[in-house]
Amino acid sequence: MRRPDDHIDAAASVDPSSGDTGSGGGSGSGGEITQPKLGFVGWLRWFWRQLTSMRTALFLLLLLAVAAVPGSLVPQRSSDPNGVTQYFRDNPDLAPFLDKLQAFDVYTSAWFSSIYILLFISLIGCVIPRTKHHFDALRAKPPRTPVRLGRLAGYTERDGVGSLDDAAEAARAQLRSAGYRVAVFEKPGEKSVSAERGYLRETGNLVFHSALVGILVTVGFGGGFGFAGQRVLVEGQTFVNTLGAFDSFNPGRFFDPDTLDPYSLTLTDMAVTYEQQNQKAFGQPIDYTATVQVTEQDGASSEQTIKVNEPLNTGGTNIYLLGNGYAPQITVRDPDGTVVFTDAIPFLPQDAQLTSIGVVKIPDGLAEQLGMIGLFYPTQGAQQPPYFSSYPDLEYPVLTLQVFEGDLGIDAGTPTSVFTLDTDSMTEIAGGKADAKALELMPGQTQELPNGLGTVTFEDAANPSGDAAPPVTEESDAAGTAGTDYSKSVLRFASLDIHHDPTQGWVLVFALLVLAGLVTSLFIPRRRVWVKVHDVGGGALRMEYAGLARGDDPGLDAAVAAVADRHSAGFTPDAAAVAEGDEAVAPPESPDARA
């Protein structure tokens, strides 16, 4: 690094004729400067200054936003555990690798938490010293008037007549009324007014960053003391807000189960509206509405609705509608006609037309454990296999069942998913490679199970009956036993996300403060204005005006010109003559007053 020749650290010049290298200044050959080495404490100080700089805080904020993106690309265990299971099933090679990167637990992962904590430290480290500096600046007087105002923005001169003290006082009063902090400085033959305003800009900046810290803190507390749980409810079923009633439950680290507010919620109707007018969007869902009956702890009951992006708030929890589908009600009887299994089974949608897949497990009551993999078609669109659904609503519902017998793998107490069937230890007896075809049923129909195991009935939810429905015949298979109106023949289910965050209100407050601080810091200019008045003798005045902005301020020149115009207007010769005339001309004394 080379210094200018006249710099104090520059190497002394060499006289070639004398060979004298001089005696001053240089530190090393060729004028190179040797920098002192940083010790351990020095490196720590350097790292701390880098971490607590505003540039680093903004970079970490951007990095946190980027790090949150994977949480929206793959399902998360905290909000969609069933989706994670399905992702592993659909991507057996990629899913384990992503799991090692904690991609299914993004918001609690080590790398996301590291960014979060570093951002928290960085914001605190840069906000605290800036706050102290800002308060010191607010208490300090405006700076002295520069000697050469002509170098500053908006510089202008005006001539006038009047008193030096009056001109300075007028400038002080004018700027103070405009919201400036002012100070008057005096030299022989001149007075100046230094004014500044716009400290609210820095206040807004500090509020913005402090509120960001507040959001980080409250989100952390909310995650620690809150919880998120999921529950699939079929129409007619009831959920009670207890730990055992959740299908999956993810509590915060400091969550106390005793804080759960008791209430019950019954799904009375799950209604979906589909587009039927626009042929280009025919069959697309346009509205989801879950109607529920909520009963509070005190016994008060009310009917509420849950829509997408319109959660229900009750018992200190927000209940969101995540998804929906069909839940065919299936009844299995033994050869004697005794019911051994009956339930409405949620089937998972596989496409936009709600072709759905589900699993039925019958562990007891028959000669062998039975498992069935079912495919449900709300509107069957083919006369022969392979079947497909041509419309998501119930126009011509058909259920096909592939039947297996053998060991379900649940006797040892090993937990298994209700949406999967392990067929490794089972024998296929209907459908697939079995001799018997897969069972095909419409609502209200019954078919015989292979090997004389019993019967299976696809219940018609619109016409429930305790008796077994008649078996399928060629005539009933062609016409259907439930008539032509199938709109209510199959129950629907709603997938609910139940979320509790005790700091939700504080997050909203800090978010509003972030917005207010950002708007303030962006739109309030920080500027200084000076007015200097010179007494040039004989009552004549020369007045100088100039300004200085911190950052871009396109309106600074116009603001200085407006100050100059208004101030100098009171000290023109005409204005001075009017003022003198007002003082010289007095009303004549009345005779009564003389008496």
# chains A, B, ... in the order shown; residues from 1 in each chain; ligands from 1
>>> select_by_dssp(residues="region 195-391 of chain A", states="helix (DSSP H, G or I)", output="number ranges by chain")
A: 199-225, 243-245, 257-259, 279-281
>>> write_last_selection(atoms="N, CA, C and O atoms", output="tab-separated table (two decimals), in the first residue's frame")
chain	number	residue	atom	x	y	z
A	199	TYR	N	-35.21	13.62	13.19
A	199	TYR	CA	-34.75	12.56	14.08
A	199	TYR	C	-35.80	11.45	14.22
A	199	TYR	O	-35.49	10.34	14.64
A	200	LEU	N	-37.03	11.77	13.85
A	200	LEU	CA	-38.06	10.73	13.87
A	200	LEU	C	-37.74	9.63	12.87
A	200	LEU	O	-38.18	8.49	13.03
A	201	ARG	N	-36.96	9.96	11.85
A	201	ARG	CA	-36.55	8.95	10.87
A	201	ARG	C	-35.71	7.86	11.55
A	201	ARG	O	-35.95	6.67	11.36
A	202	GLU	N	-34.73	8.29	12.35
A	202	GLU	CA	-33.91	7.33	13.07
A	202	GLU	C	-34.72	6.62	14.15
A	202	GLU	O	-34.51	5.43	14.42
A	203	THR	N	-35.66	7.35	14.76
A	203	THR	CA	-36.54	6.70	15.75
A	203	THR	C	-37.33	5.57	15.08
A	203	THR	O	-37.45	4.47	15.64
A	204	GLY	N	-37.87	5.84	13.89
A	204	GLY	CA	-38.59	4.80	13.16
A	204	GLY	C	-37.70	3.63	12.80
A	204	GLY	O	-38.12	2.47	12.86
A	205	ASN	N	-36.45	3.93	12.43
A	205	ASN	CA	-35.50	2.87	12.11
A	205	ASN	C	-35.25	1.98	13.32
A	205	ASN	O	-35.23	0.74	13.22
A	206	LEU	N	-35.08	2.59	14.49
A	206	LEU	CA	-34.84	1.83	15.71
A	206	LEU	C	-36.10	1.04	16.12
A	206	LEU	O	-36.00	-0.10	16.59
A	207	VAL	N	-37.27	1.65	15.94
A	207	VAL	CA	-38.52	0.94	16.24
A	207	VAL	C	-38.65	-0.28	15.33
A	207	VAL	O	-39.05	-1.37	15.77
A	208	PHE	N	-38.31	-0.10	14.06
A	208	PHE	CA	-38.38	-1.20	13.10
A	208	PHE	C	-37.52	-2.38	13.55
A	208	PHE	O	-37.99	-3.53	13.62
A	209	HIS	N	-36.26	-2.11	13.88
A	209	HIS	CA	-35.36	-3.20	14.25
A	209	HIS	C	-35.69	-3.76	15.64
A	209	HIS	O	-35.57	-4.97	15.87
A	210	SER	N	-36.12	-2.91	16.55
A	210	SER	CA	-36.51	-3.40	17.87
A	210	SER	C	-37.75	-4.29	17.77
A	210	SER	O	-37.86	-5.31	18.46
A	211	ALA	N	-38.69	-3.91	16.90
A	211	ALA	CA	-39.88	-4.73	16.72
A	211	ALA	C	-39.55	-6.07	16.07
A	211	ALA	O	-40.19	-7.08	16.36
A	212	LEU	N	-38.52	-6.09	15.19
A	212	LEU	CA	-38.08	-7.36	14.63
A	212	LEU	C	-37.57	-8.28	15.74
A	212	LEU	O	-37.85	-9.49	15.75
A	213	VAL	N	-36.81	-7.69	16.67
A	213	VAL	CA	-36.35	-8.48	17.82
A	213	VAL	C	-37.56	-8.98	18.62
A	213	VAL	O	-37.60	-10.14	19.06
A	214	GLY	N	-38.55	-8.11	18.79
A	214	GLY	CA	-39.76	-8.51	19.51
A	214	GLY	C	-40.47	-9.66	18.83
A	214	GLY	O	-40.96	-10.59	19.51
A	215	ILE	N	-40.52	-9.65	17.50
A	215	ILE	CA	-41.17	-10.75	16.78
A	215	ILE	C	-40.39	-12.04	16.98
A	215	ILE	O	-40.97	-13.11	17.23
A	216	LEU	N	-39.06	-11.96	16.90
A	216	LEU	CA	-38.25	-13.16	17.11
A	216	LEU	C	-38.47	-13.73	18.51
A	216	LEU	O	-38.60	-14.96	18.68
A	217	VAL	N	-38.53	-12.86	19.51
A	217	VAL	CA	-38.70	-13.32	20.89
A	217	VAL	C	-40.08	-13.94	21.07
A	217	VAL	O	-40.23	-15.03	21.63
A	218	THR	N	-41.13	-13.25	20.60
A	218	THR	CA	-42.49	-13.76	20.81
A	218	THR	C	-42.75	-15.04	20.01
A	218	THR	O	-43.44	-15.94	20.50
A	219	VAL	N	-42.18	-15.13	18.81
A	219	VAL	CA	-42.34	-16.37	18.04
A	219	VAL	C	-41.66	-17.52	18.78
A	219	VAL	O	-42.18	-18.64	18.84
A	220	GLY	N	-40.48	-17.24	19.38
A	220	GLY	CA	-39.80	-18.27	20.15
A	220	GLY	C	-40.62	-18.71	21.35
A	220	GLY	O	-40.75	-19.92	21.62
A	221	PHE	N	-41.18	-17.75	22.09
A	221	PHE	CA	-42.02	-18.11	23.23
A	221	PHE	C	-43.28	-18.84	22.78
A	221	PHE	O	-43.72	-19.79	23.43
A	222	GLY	N	-43.87	-18.37	21.67
A	222	GLY	CA	-45.08	-19.03	21.17
A	222	GLY	C	-44.82	-20.48	20.79
A	222	GLY	O	-45.64	-21.37	21.07
A	223	GLY	N	-43.65	-20.73	20.16
A	223	GLY	CA	-43.31	-22.11	19.82
A	223	GLY	C	-43.04	-22.96	21.04
A	223	GLY	O	-43.28	-24.17	21.03
A	224	GLY	N	-42.55	-22.34	22.12
A	224	GLY	CA	-42.24	-23.10	23.33
A	224	GLY	C	-43.45	-23.44	24.16
A	224	GLY	O	-43.53	-24.53	24.76
A	225	PHE	N	-44.42	-22.53	24.22
A	225	PHE	CA	-45.59	-22.74	25.08
A	225	PHE	C	-46.85	-23.13	24.30
A	225	PHE	O	-47.88	-23.39	24.91
A	243	LEU	N	-55.66	-34.53	24.97
A	243	LEU	CA	-54.49	-35.08	24.28
A	243	LEU	C	-54.83	-36.35	23.50
A	243	LEU	O	-54.37	-36.54	22.38
A	244	GLY	N	-55.63	-37.23	24.10
A	244	GLY	CA	-55.93	-38.49	23.45
A	244	GLY	C	-56.81	-38.37	22.22
A	244	GLY	O	-56.92	-39.35	21.46
A	245	ALA	N	-57.43	-37.23	22.00
A	245	ALA	CA	-58.36	-37.08	20.88
A	245	ALA	C	-57.67	-36.64	19.60
A	245	ALA	O	-58.31	-36.64	18.54
A	257	PRO	N	-49.93	-29.79	29.49
A	257	PRO	CA	-51.23	-30.34	29.07
A	257	PRO	C	-52.41	-29.85	29.90
A	257	PRO	O	-53.55	-29.83	29.42
A	258	ASP	N	-52.14	-29.43	31.14
A	258	ASP	CA	-53.24	-28.96	31.98
A	258	ASP	C	-53.82	-27.63	31.50
A	258	ASP	O	-54.88	-27.21	31.97
A	259	THR	N	-53.12	-26.97	30.58
A	259	THR	CA	-53.61	-25.67	30.07
A	259	THR	C	-54.61	-25.84	28.93
A	259	THR	O	-55.14	-24.83	28.45
A	279	GLN	N	-67.12	-24.03	-18.59
A	279	GLN	CA	-66.73	-25.34	-19.08
A	279	GLN	C	-65.21	-25.55	-19.02
A	279	GLN	O	-64.74	-26.67	-18.89
A	280	LYS	N	-64.45	-24.45	-19.09
A	280	LYS	CA	-63.00	-24.58	-19.04
A	280	LYS	C	-62.51	-24.93	-17.63
A	280	LYS	O	-61.40	-25.42	-17.47
A	281	ALA	N	-63.33	-24.62	-16.64
A	281	ALA	CA	-62.96	-24.92	-15.24
A	281	ALA	C	-63.98	-25.85	-14.61
A	281	ALA	O	-64.11	-25.87	-13.38
>>> select_by_dssp(residues="region 346-534 of chain A", states="strand (DSSP E)", output="PyMOL selection string")
chain A and resi 348-349+356-362+370-377+398-406+426-430+439-441+445-448+455-458+491-500+527-534
>>> residues_around(residues="Lys532 (chain A)", least_positions_apart="5", cutoff="10 Å", atoms="only C-alpha atoms", output="MDAnalysis selection string")
chainID A and resid 145:147 149 157 167:168 171 184:186 190:194 542:546
>>> write_last_selection(atoms="C-alpha atoms", output="CSV table (one decimal), in the first residue's frame")
chain,number,residue,atom,x,y,z
A,145,THR,CA,-23.2,26.9,11.5
A,146,PRO,CA,-20.5,26.1,8.9
A,147,VAL,CA,-18.2,28.9,8.0
A,149,LEU,CA,-22.4,28.0,3.5
A,157,GLU,CA,-28.3,35.0,-0.5
A,167,ALA,CA,-33.5,39.0,11.7
A,168,ALA,CA,-31.9,36.3,13.8
A,171,ALA,CA,-35.3,33.1,11.6
A,184,VAL,CA,-28.5,30.6,17.8
A,185,PHE,CA,-24.8,31.3,17.5
A,186,GLU,CA,-23.3,34.8,17.5
A,190,GLU,CA,-23.2,38.3,12.5
A,191,LYS,CA,-25.7,35.9,14.0
A,192,SER,CA,-26.7,32.5,12.7
A,193,VAL,CA,-29.4,30.0,13.4
A,194,SER,CA,-28.7,26.3,13.1
A,542,ARG,CA,-26.9,40.2,4.0
A,543,MET,CA,-28.6,36.9,4.7
A,544,GLU,CA,-27.4,33.5,3.7
A,545,TYR,CA,-29.4,30.3,3.6
A,546,ALA,CA,-28.3,26.7,3.0
>>> atom_distance(atom1="CA of Ser248 (chain A)", atom2="CA of Asp364 (chain A)")
25.7 Å
>>> atom_distance(atom1="CA of Gln384 (chain A)", atom2="CA of Phe419 (chain A)")
26.5 Å
